[in-house]
$ cat final.cif   # mmCIF, C-alpha atoms
data_target
loop_
_atom_site.label_atom_id
_atom_site.label_comp_id
_atom_site.auth_asym_id
_atom_site.auth_seq_id
_atom_site.Cartn_x
_atom_site.Cartn_y
_atom_site.Cartn_z
CA MET A 1 136.67 113.62 96.66
CA ILE A 2 138.32 110.20 96.58
CA ALA A 3 136.04 109.08 99.41
CA ALA A 4 132.96 110.28 97.51
CA ILE A 5 133.95 108.54 94.28
CA LEU A 6 134.94 105.34 96.08
CA SER A 7 131.81 105.17 98.21
CA LEU A 8 129.46 105.78 95.30
CA THR A 9 131.28 103.24 93.14
CA LEU A 10 131.23 100.62 95.89
CA LEU A 11 127.59 101.32 96.68
CA GLY A 12 126.57 101.06 93.03
CA ALA A 13 128.58 97.89 92.50
CA ALA A 14 127.20 96.24 95.65
CA LEU A 15 123.59 97.10 94.83
CA GLY A 16 124.07 96.00 91.22
CA LEU A 17 125.50 92.68 92.38
CA LEU A 18 122.63 92.14 94.81
CA LEU A 19 120.05 92.95 92.13
CA GLY A 20 121.81 90.65 89.69
CA ILE A 21 121.68 87.76 92.16
CA ALA A 22 118.03 88.56 93.00
CA GLY A 23 117.27 88.64 89.27
CA ARG A 24 118.61 85.10 88.92
CA TYR A 25 116.46 83.76 91.74
CA LEU A 26 113.33 85.70 90.88
CA ALA A 27 113.45 85.25 87.11
CA VAL A 28 110.01 84.80 85.57
CA GLU A 29 109.78 82.19 82.89
CA GLY A 30 107.31 83.64 80.43
CA ASN A 31 105.96 81.60 77.55
CA PRO A 32 108.98 81.31 75.20
CA LEU A 33 106.56 81.14 72.27
CA ASN A 34 105.49 84.75 73.03
CA ALA A 35 109.01 86.03 72.52
CA GLU A 36 109.41 84.03 69.31
CA VAL A 37 106.16 85.28 67.78
CA GLU A 38 106.98 88.82 68.89
CA ALA A 39 110.32 88.52 67.10
CA LEU A 40 108.47 87.58 63.89
CA LEU A 41 106.28 90.71 64.07
CA PRO A 42 107.66 94.00 62.72
CA GLY A 43 108.36 95.38 66.20
CA THR A 44 107.38 98.96 65.39
CA ASN A 45 104.51 98.91 67.94
CA CYS A 46 102.35 100.81 65.46
CA GLY A 47 99.05 99.71 67.03
CA GLN A 48 97.19 99.01 63.78
CA CYS A 49 96.14 95.60 65.14
CA GLY A 50 94.41 97.24 68.10
CA PHE A 51 96.67 95.68 70.74
CA PRO A 52 99.17 97.56 72.88
CA GLY A 53 102.27 97.00 70.80
CA CYS A 54 103.72 93.93 69.15
CA ALA A 55 104.13 92.10 72.49
CA GLY A 56 100.38 92.44 73.12
CA ALA A 57 99.59 91.24 69.59
CA ALA A 58 101.89 88.22 69.99
CA ALA A 59 100.18 87.24 73.26
CA ALA A 60 96.73 87.66 71.66
CA ILE A 61 97.67 85.53 68.65
CA ILE A 62 98.94 82.73 70.87
CA ASP A 63 95.84 82.87 73.06
CA ASN A 64 93.68 82.65 69.94
CA LEU A 65 92.18 86.08 70.58
CA ALA A 66 93.40 87.41 67.27
CA PRO A 67 94.03 85.84 63.86
CA ALA A 68 97.59 85.41 62.65
CA THR A 69 96.72 87.89 59.90
CA CYS A 70 96.03 90.72 62.36
CA CYS A 71 99.25 92.59 61.52
CA PRO A 72 98.59 94.93 58.55
CA PRO A 73 102.19 96.10 58.04
CA GLY A 74 103.47 92.53 58.27
CA GLY A 75 101.13 91.37 55.53
CA LYS A 76 101.14 87.94 54.00
CA ALA A 77 104.73 87.00 54.76
CA VAL A 78 104.49 87.64 58.51
CA ALA A 79 101.10 85.89 58.76
CA ALA A 80 102.50 82.81 57.02
CA ALA A 81 105.60 82.77 59.23
CA ILE A 82 103.51 83.04 62.42
CA ALA A 83 101.06 80.36 61.28
CA GLU A 84 103.94 78.03 60.56
CA ARG A 85 105.57 78.73 63.92
CA ILE A 86 102.45 78.06 66.03
CA GLY A 87 101.26 75.21 63.83
CA LEU A 88 98.14 76.78 62.43
CA ALA A 89 96.50 76.06 59.08
CA LEU A 90 95.94 79.39 57.41
CA ASP A 91 94.08 80.33 54.26
CA LEU A 92 96.03 83.23 52.81
CA SER A 93 94.19 83.40 49.49
CA GLY A 94 91.98 86.26 50.72
CA VAL A 95 94.87 88.30 52.03
CA ALA A 96 96.31 90.75 49.61
CA ASP A 97 99.55 92.58 50.30
CA GLN A 98 98.73 96.25 49.91
CA GLY A 99 101.87 97.63 51.42
CA PRO A 100 101.78 100.35 54.07
CA GLN A 101 98.87 102.78 53.81
CA ILE A 102 98.02 106.07 55.48
CA ALA A 103 94.88 108.15 55.60
CA THR A 104 94.54 111.02 53.15
CA VAL A 105 92.05 113.89 52.92
CA SER A 106 90.38 114.79 49.66
CA GLU A 107 90.52 118.56 49.92
CA GLU A 108 87.63 119.14 47.53
CA ILE A 109 85.18 117.13 49.68
CA CYS A 110 86.39 117.96 53.22
CA ILE A 111 83.94 120.29 54.98
CA GLY A 112 86.14 120.90 58.02
CA CYS A 113 83.85 119.26 60.56
CA CYS A 114 86.71 118.15 62.88
CA ARG A 115 85.14 114.73 63.53
CA CYS A 116 88.13 112.80 62.21
CA LEU A 117 90.57 114.63 64.48
CA LYS A 118 88.69 113.48 67.52
CA VAL A 119 88.89 109.78 66.71
CA CYS A 120 92.54 109.79 65.61
CA PRO A 121 94.50 107.84 68.25
CA THR A 122 97.81 109.50 67.35
CA ASP A 123 96.63 113.08 66.69
CA ALA A 124 97.88 112.69 63.14
CA ILE A 125 95.16 114.87 61.61
CA VAL A 126 95.50 118.63 61.84
CA GLY A 127 92.78 121.15 61.11
CA ALA A 128 90.22 123.45 62.65
CA ALA A 129 86.50 124.01 62.28
CA LYS A 130 85.62 124.91 58.67
CA GLN A 131 89.25 124.57 57.65
CA ILE A 132 90.39 121.77 55.36
CA HIS A 133 92.10 119.04 57.39
CA ASN A 134 95.37 117.35 56.60
CA VAL A 135 97.15 114.18 57.69
CA LEU A 136 100.68 114.20 59.06
CA ARG A 137 102.32 111.24 57.40
CA GLU A 138 104.91 110.75 60.16
CA ALA A 139 102.19 110.39 62.81
CA CYS A 140 99.55 108.36 60.92
CA THR A 141 99.63 104.67 61.84
CA GLY A 142 97.05 103.72 59.22
CA CYS A 143 94.47 102.46 61.73
CA ALA A 144 91.62 103.66 59.45
CA ALA A 145 89.51 104.85 62.40
CA CYS A 146 88.87 108.17 60.65
CA ILE A 147 87.49 106.59 57.45
CA GLU A 148 84.24 105.51 59.08
CA ARG A 149 83.83 108.78 60.94
CA CYS A 150 83.96 111.11 57.94
CA PRO A 151 80.43 112.29 56.97
CA THR A 152 81.44 113.22 53.41
CA GLU A 153 83.74 110.28 52.62
CA ALA A 154 86.64 112.64 52.19
CA MET A 155 89.01 110.33 54.10
CA SER A 156 90.51 107.38 52.28
CA MET A 157 93.39 104.97 52.76
CA ARG A 158 96.11 105.38 50.15
CA PRO A 159 99.53 103.84 49.78
CA VAL A 160 102.12 106.02 51.50
CA PRO A 161 102.87 108.71 48.92
CA VAL A 162 106.44 108.86 47.67
CA THR A 163 108.16 112.22 47.75
CA LEU A 164 111.75 113.26 47.19
CA GLN A 165 112.34 113.29 50.94
CA HIS A 166 110.87 109.85 51.53
CA TRP A 167 111.99 107.80 48.54
CA VAL A 168 113.85 104.59 49.39
CA TRP A 169 115.12 101.71 47.31
CA PRO A 170 112.28 99.26 46.74
CA LYS A 171 112.46 96.18 48.94
CA PRO A 172 113.00 92.81 47.28
CA ALA A 173 109.71 90.97 46.79
CA PHE A 174 108.85 88.20 49.28
CA ALA A 175 109.28 84.72 47.83
CA MET B 1 104.84 100.56 123.85
CA SER B 2 102.52 103.57 124.00
CA GLU B 3 105.28 105.68 122.47
CA ILE B 4 105.43 103.34 119.45
CA LEU B 5 101.67 103.52 119.07
CA LEU B 6 101.70 107.29 119.33
CA LEU B 7 104.44 107.54 116.71
CA LEU B 8 102.51 105.31 114.33
CA ILE B 9 99.25 107.25 114.79
CA SER B 10 101.07 110.54 114.50
CA THR B 11 102.79 109.61 111.21
CA ALA B 12 99.87 107.74 109.68
CA LEU B 13 97.04 110.15 110.53
CA ILE B 14 98.12 113.50 111.92
CA ASN B 15 101.15 114.03 109.67
CA ASN B 16 99.82 111.97 106.78
CA VAL B 17 102.32 112.05 103.90
CA VAL B 18 99.75 112.48 101.14
CA LEU B 19 97.07 114.69 102.62
CA ILE B 20 99.03 116.85 105.08
CA LYS B 21 102.57 116.92 103.67
CA PHE B 22 101.42 116.63 100.04
CA LEU B 23 104.09 114.06 99.13
CA GLY B 24 103.48 111.18 96.73
CA LEU B 25 100.49 112.75 94.97
CA CYS B 26 101.27 111.13 91.62
CA PRO B 27 100.49 107.52 92.68
CA ALA B 28 97.67 108.81 94.91
CA MET B 29 95.93 110.22 91.83
CA GLY B 30 97.12 107.60 89.37
CA VAL B 31 96.59 104.24 91.07
CA SER B 32 93.39 104.99 92.96
CA LYS B 33 90.85 103.90 90.36
CA SER B 34 90.24 100.48 91.93
CA MET B 35 90.64 99.09 95.43
CA ASP B 36 92.70 96.09 94.31
CA ALA B 37 95.33 98.15 92.52
CA ALA B 38 95.37 100.68 95.39
CA LEU B 39 95.99 97.94 97.95
CA GLY B 40 98.77 96.42 95.83
CA MET B 41 100.39 99.79 95.29
CA GLY B 42 100.07 100.59 98.99
CA LEU B 43 101.71 97.33 100.04
CA ALA B 44 104.53 97.71 97.50
CA THR B 45 105.15 101.29 98.64
CA THR B 46 105.02 100.24 102.31
CA PHE B 47 107.70 97.64 101.62
CA VAL B 48 109.87 100.15 99.76
CA ILE B 49 109.48 103.02 102.26
CA THR B 50 110.23 100.83 105.29
CA LEU B 51 113.25 99.23 103.64
CA ALA B 52 114.48 102.58 102.32
CA ALA B 53 114.09 104.19 105.77
CA GLY B 54 116.27 101.48 107.33
CA ALA B 55 118.84 101.52 104.53
CA SER B 56 119.08 105.31 104.52
CA TRP B 57 119.67 105.31 108.28
CA ALA B 58 122.52 102.83 107.81
CA LEU B 59 123.95 104.91 104.95
CA GLU B 60 123.73 108.14 106.93
CA HIS B 61 125.37 106.76 110.06
CA TRP B 62 128.01 104.47 108.60
CA LEU B 63 128.93 106.22 105.37
CA LEU B 64 127.79 109.82 105.04
CA ALA B 65 128.38 111.08 108.59
CA PRO B 66 131.81 109.45 109.30
CA PHE B 67 133.29 110.50 105.95
CA GLU B 68 131.55 113.90 105.92
CA LEU B 69 129.81 113.16 102.64
CA GLY B 70 126.55 114.93 103.47
CA PHE B 71 126.45 116.47 99.99
CA LEU B 72 125.97 112.98 98.54
CA ARG B 73 122.90 112.35 100.66
CA ILE B 74 120.20 112.71 97.98
CA LEU B 75 122.30 110.83 95.42
CA THR B 76 122.98 107.82 97.64
CA PHE B 77 119.42 107.71 98.97
CA ILE B 78 118.00 107.71 95.45
CA LEU B 79 120.43 104.93 94.52
CA VAL B 80 119.28 102.77 97.42
CA ILE B 81 115.61 103.56 96.76
CA ALA B 82 115.97 102.69 93.07
CA ALA B 83 117.58 99.36 93.95
CA THR B 84 114.82 98.61 96.48
CA VAL B 85 112.13 99.41 93.93
CA GLN B 86 113.80 97.21 91.34
CA PHE B 87 113.85 94.38 93.86
CA THR B 88 110.18 94.97 94.74
CA GLU B 89 109.31 94.92 91.05
CA MET B 90 111.01 91.53 90.67
CA VAL B 91 109.14 90.16 93.68
CA VAL B 92 105.77 91.45 92.46
CA LYS B 93 106.39 90.16 88.94
CA LYS B 94 107.28 86.75 90.33
CA SER B 95 104.55 86.45 92.94
CA SER B 96 101.58 88.15 91.28
CA PRO B 97 101.57 88.78 87.50
CA GLY B 98 98.03 90.18 87.67
CA LEU B 99 99.05 92.88 90.12
CA TYR B 100 102.15 93.54 88.01
CA GLN B 101 99.90 94.18 85.00
CA SER B 102 97.48 96.44 86.87
CA LEU B 103 100.21 98.54 88.53
CA GLY B 104 101.91 98.98 85.16
CA ILE B 105 104.16 102.00 84.90
CA TYR B 106 103.41 103.12 88.46
CA LEU B 107 105.50 100.32 89.95
CA PRO B 108 108.90 101.52 88.66
CA LEU B 109 107.71 105.06 89.34
CA ILE B 110 107.83 104.34 93.11
CA THR B 111 111.49 105.32 92.63
CA THR B 112 110.44 108.88 91.97
CA ASN B 113 107.67 108.85 94.56
CA CYS B 114 108.72 111.84 96.63
CA ALA B 115 107.14 110.27 99.73
CA VAL B 116 109.92 107.65 99.74
CA LEU B 117 112.78 110.14 99.50
CA GLY B 118 110.89 112.57 101.72
CA VAL B 119 110.58 110.06 104.57
CA ALA B 120 114.28 109.12 104.28
CA LEU B 121 115.36 112.78 104.35
CA LEU B 122 112.99 113.68 107.21
CA ASN B 123 114.45 110.81 109.25
CA VAL B 124 117.93 112.32 108.88
CA GLN B 125 116.68 115.84 109.56
CA GLN B 126 114.99 114.85 112.80
CA GLY B 127 117.92 112.68 113.93
CA PHE B 128 115.89 109.54 114.57
CA GLY B 129 117.52 106.28 115.71
CA PHE B 130 117.30 103.09 113.67
CA VAL B 131 114.13 101.65 115.20
CA ARG B 132 112.43 105.03 115.24
CA SER B 133 113.39 105.56 111.57
CA LEU B 134 111.87 102.22 110.63
CA LEU B 135 108.72 103.01 112.60
CA TYR B 136 108.47 106.48 111.08
CA GLY B 137 108.81 104.98 107.60
CA PHE B 138 106.32 102.23 108.31
CA GLY B 139 103.81 104.65 109.85
CA SER B 140 104.05 107.03 106.91
CA ALA B 141 103.60 104.15 104.48
CA VAL B 142 100.55 102.89 106.38
CA GLY B 143 99.12 106.40 106.15
CA PHE B 144 99.85 106.40 102.41
CA THR B 145 98.12 103.04 101.95
CA LEU B 146 95.17 104.18 104.03
CA VAL B 147 94.65 107.31 101.93
CA LEU B 148 95.02 105.32 98.71
CA LEU B 149 92.38 102.83 99.88
CA VAL B 150 89.93 105.47 101.11
CA PHE B 151 90.36 107.52 97.95
CA ALA B 152 90.01 104.46 95.71
CA GLY B 153 86.81 103.51 97.54
CA LEU B 154 85.42 106.99 97.00
CA ARG B 155 86.38 106.95 93.34
CA GLU B 156 84.77 103.55 92.82
CA ARG B 157 81.50 105.01 94.12
CA LEU B 158 82.01 108.16 92.06
CA ALA B 159 82.32 106.08 88.89
CA HIS B 160 78.64 105.16 89.29
CA ALA B 161 77.48 108.63 90.31
CA ARG B 162 76.09 111.24 87.96
CA VAL B 163 78.84 113.83 87.78
CA PRO B 164 78.20 117.08 85.84
CA ALA B 165 80.04 116.98 82.53
CA ALA B 166 82.33 119.86 83.48
CA PHE B 167 83.58 117.95 86.54
CA ALA B 168 83.76 114.43 85.09
CA GLY B 169 87.08 112.62 85.29
CA ALA B 170 90.09 114.31 86.84
CA PRO B 171 88.40 117.48 88.23
CA ILE B 172 86.02 115.59 90.52
CA ALA B 173 88.96 113.44 91.69
CA PHE B 174 90.90 116.57 92.65
CA ILE B 175 87.90 118.00 94.48
CA THR B 176 87.42 114.70 96.31
CA ILE B 177 91.03 114.47 97.44
CA SER B 178 91.04 118.08 98.61
CA LEU B 179 87.94 117.40 100.73
CA LEU B 180 89.72 114.32 102.07
CA SER B 181 92.71 116.48 102.91
CA LEU B 182 90.47 118.92 104.81
CA ALA B 183 89.02 115.97 106.71
CA PHE B 184 92.48 114.75 107.67
CA MET B 185 93.42 118.21 108.92
CA GLY B 186 90.86 117.53 111.63
CA PHE B 187 93.31 115.00 113.12
CA SER B 188 95.73 117.80 113.99
CA GLY B 189 93.38 118.60 116.84
CA MET B 190 94.56 115.33 118.47
CA ASN B 191 97.51 116.89 120.26
CA ILE B 192 99.77 113.92 121.05
CA GLY B 193 103.17 115.09 119.87
CA GLY B 194 105.46 112.94 117.75
#

$ encode --input "final.cif" --output "structure tokens"
Amino acid sequence: MIAAILSLTLLGAALGLLLGIAGRYLAVEGNPLNAEVEALLPGTNCGQCGFPGCAGAAAAIIDNLAPATCCPPGGKAVAAAIAERIGLALDLSGVADQGPQIATVSEEICIGCCRCLKVCPTDAIVGAAKQIHNVLREACTGCAACIERCPTEAMSMRPVPVTLQHWVWPKPAFA
Amino acid sequence: MSEILLLLISTALINNVVLIKFLGLCPAMGVSKSMDAALGMGLATTFVITLAAGASWALEHWLLAPFELGFLRILTFILVIAATVQFTEMVVKKSSPGLYQSLGIYLPLITTNCAVLGVALLNVQQGFGFVRSLLYGFGSAVGFTLVLLVFAGLRERLAHARVPAAFAGAPIAFITISLLSLAFMGFSGMNIGG
């Protein structure tokens, strides 16, 4: 047993050491700006911007493929911080902070056509044919893809509803 | 010399890891959408399998056999394979960021590619020497790369073909690879041992 423990420990330590040394020599120096911008973003990888996670959004913003205002949950404050960091003049007058929103179904208009379920990237909408659909608040990222798809305009974006289970102290307002 | 050639042909074609032994099917299905990614994946796996075959021979003969630690075989082999894959990932990330992007999650998943562990374990089972182990690993990996390339080529053509809706996507890929497997079974008629 001692031999087994010793050999595995030694093997693990030796391989770890080798990998550590290799990591030093083969380190990739990415654009440090990417990491900084990514740190400014919320970091929840919600996907509302349409990029694969906050790292993808940060890279796109730096490459000028996306505006600094592309992060809906970040809102005005994040956009201003990013613009300042990458030295970009930004007109924020048109940007209104709405706070986080999720899709909701108006039960009286929903005809149960199932079209919204098919476009939902996170499978946040539940329902069946000719049954009224519903949105799971934990799964909805607020991408608004379902709004366009609904033939009866039963889907709408609303501020995340507050319930007894989900109430939190209000955050201090951004200066 | 002819023995080396026979061993390579035997492992790459007749006993092909993917199509005859059915090992390493996950990357074969996952990374075969384009030739470039398939070639990169094949080369990375070749590097890992050859290195792992050599390292596992050294482990077996200098550690596991002398200390009678055969029960640790899978554990130690996986450890060595994981370290090799990590090293390969660093090299790929350093030398070719584009390939690193296109391989994505499949690169670290070489660790759990059963072809890698399978080759290492088969080497021990058949009692190969060091050079023969390396050759067996290299031959298997070449076979793996070959299948990946052929399959990726077929799938690139298939992407432009009119496939019936019921077969579009994964089903037609499975049918294609099973036909490929049948084709490779034809090699077993080449009776050259190994």

$ residues_around --input "final.cif" --residues "A:Phe51" --least-positions-apart "3" --cutoff "12 Å" --atoms "all atoms listed in the file" --output "PyMOL selection string"
chain A and resi 45-48+54-61+65-66+70-71+143

$ atom_distance --input "final.cif" --atom1 "atom CA of B:Gly24" --atom2 "atom CA of A:Leu8"
26.6 Å

$ residues_near_point --input "final.cif" --point "(89.0, 102.8, 102.2)" --cutoff "12 Å" --atoms "all atoms listed in the file" --output "list in words"
Ser32, Ser34, Met35, Asp36, Ala38, Leu39, Gly42, Gly143, Phe144, Thr145, Leu146, Val147, Leu148, Leu149, Val150, Phe151, Ala152, Gly153, Leu154, Arg155, Glu156, Arg157 and Leu180 of chain B

$ write_last_selection --input "final.cif" --atoms "C-alpha atoms" --output "PDB file, in the frame of the given file"
ATOM      1  CA  SER B  32      93.390 104.990  92.960  1.00  0.00           C
ATOM      2  CA  SER B  34      90.240 100.480  91.930  1.00  0.00           C
ATOM      3  CA  MET B  35      90.640  99.090  95.430  1.00  0.00           C
ATOM      4  CA  ASP B  36      92.700  96.090  94.310  1.00  0.00           C
ATOM      5  CA  ALA B  38      95.370 100.680  95.390  1.00  0.00           C
ATOM      6  CA  LEU B  39      95.990  97.940  97.950  1.00  0.00           C
ATOM      7  CA  GLY B  42     100.070 100.590  98.990  1.00  0.00           C
ATOM      8  CA  GLY B 143      99.120 106.400 106.150  1.00  0.00           C
ATOM      9  CA  PHE B 144      99.850 106.400 102.410  1.00  0.00           C
ATOM     10  CA  THR B 145      98.120 103.040 101.950  1.00  0.00           C
ATOM     11  CA  LEU B 146      95.170 104.180 104.030  1.00  0.00           C
ATOM     12  CA  VAL B 147      94.650 107.310 101.930  1.00  0.00           C
ATOM     13  CA  LEU B 148      95.020 105.320  98.710  1.00  0.00           C
ATOM     14  CA  LEU B 149      92.380 102.830  99.880  1.00  0.00           C
ATOM     15  CA  VAL B 150      89.930 105.470 101.110  1.00  0.00           C
ATOM     16  CA  PHE B 151      90.360 107.520  97.950  1.00  0.00           C
ATOM     17  CA  ALA B 152      90.010 104.460  95.710  1.00  0.00           C
ATOM     18  CA  GLY B 153      86.810 103.510  97.540  1.00  0.00           C
ATOM     19  CA  LEU B 154      85.420 106.990  97.000  1.00  0.00           C
ATOM     20  CA  ARG B 155      86.380 106.950  93.340  1.00  0.00           C
ATOM     21  CA  GLU B 156      84.770 103.550  92.820  1.00  0.00           C
ATOM     22  CA  ARG B 157      81.500 105.010  94.120  1.00  0.00           C
ATOM     23  CA  LEU B 180      89.720 114.320 102.070  1.00  0.00           C
TER      24      LEU B 180
END

$ closest_atom_pairs --input "final.cif" --of "chain B" --to "chain A" --cutoff "8 Å" --atoms "all atoms listed in the file" --output "CSV"
residue,atom,partner,partner_atom,distance
B:Leu63,CA,A:Ser7,CA,7.8
B:Phe67,CA,A:Ala3,CA,7.2
B:Leu69,CA,A:Ala4,CA,6.7
B:Leu72,CA,A:Ala4,CA,7.6
B:Thr76,CA,A:Leu8,CA,7.2
B:Leu79,CA,A:Gly12,CA,7.4
B:Val80,CA,A:Leu15,CA,7.6
B:Ala83,CA,A:Leu15,CA,6.5
B:Gln86,CA,A:Leu19,CA,7.6
B:Phe87,CA,A:Leu19,CA,6.6
B:Met90,CA,A:Leu26,CA,6.3
B:Val91,CA,A:Leu26,CA,6.7
B:Lys93,CA,A:Val28,CA,7.3
B:Lys94,CA,A:Val28,CA,5.8

$ atom_distance --input "final.cif" --atom1 "atom CA of A:Met157" --atom2 "atom CA of A:Asn134"
13.1 Å

$ residues_around --input "final.cif" --residues "A:Val162" --least-positions-apart "6" --cutoff "12 Å" --atoms "only C-alpha atoms" --output "list in words"
Pro100, Gln101, Ile102, Arg137, Val168, Trp169 and Pro170 of chain A

$ residues_around --input "final.cif" --residues "stretch 117-121 of chain B" --least-positions-apart "6" --cutoff "9 Å" --atoms "all atoms listed in the file" --output "list in words"
Val17, Leu23, Ile49, Ala52, Ala53, Gly54, Ala55, Ser56, Trp57, Arg73, Ile74, Phe77, Ile78, Ile81, Thr111, Ser133, Tyr136, Gly137 and Ser140 of chain B
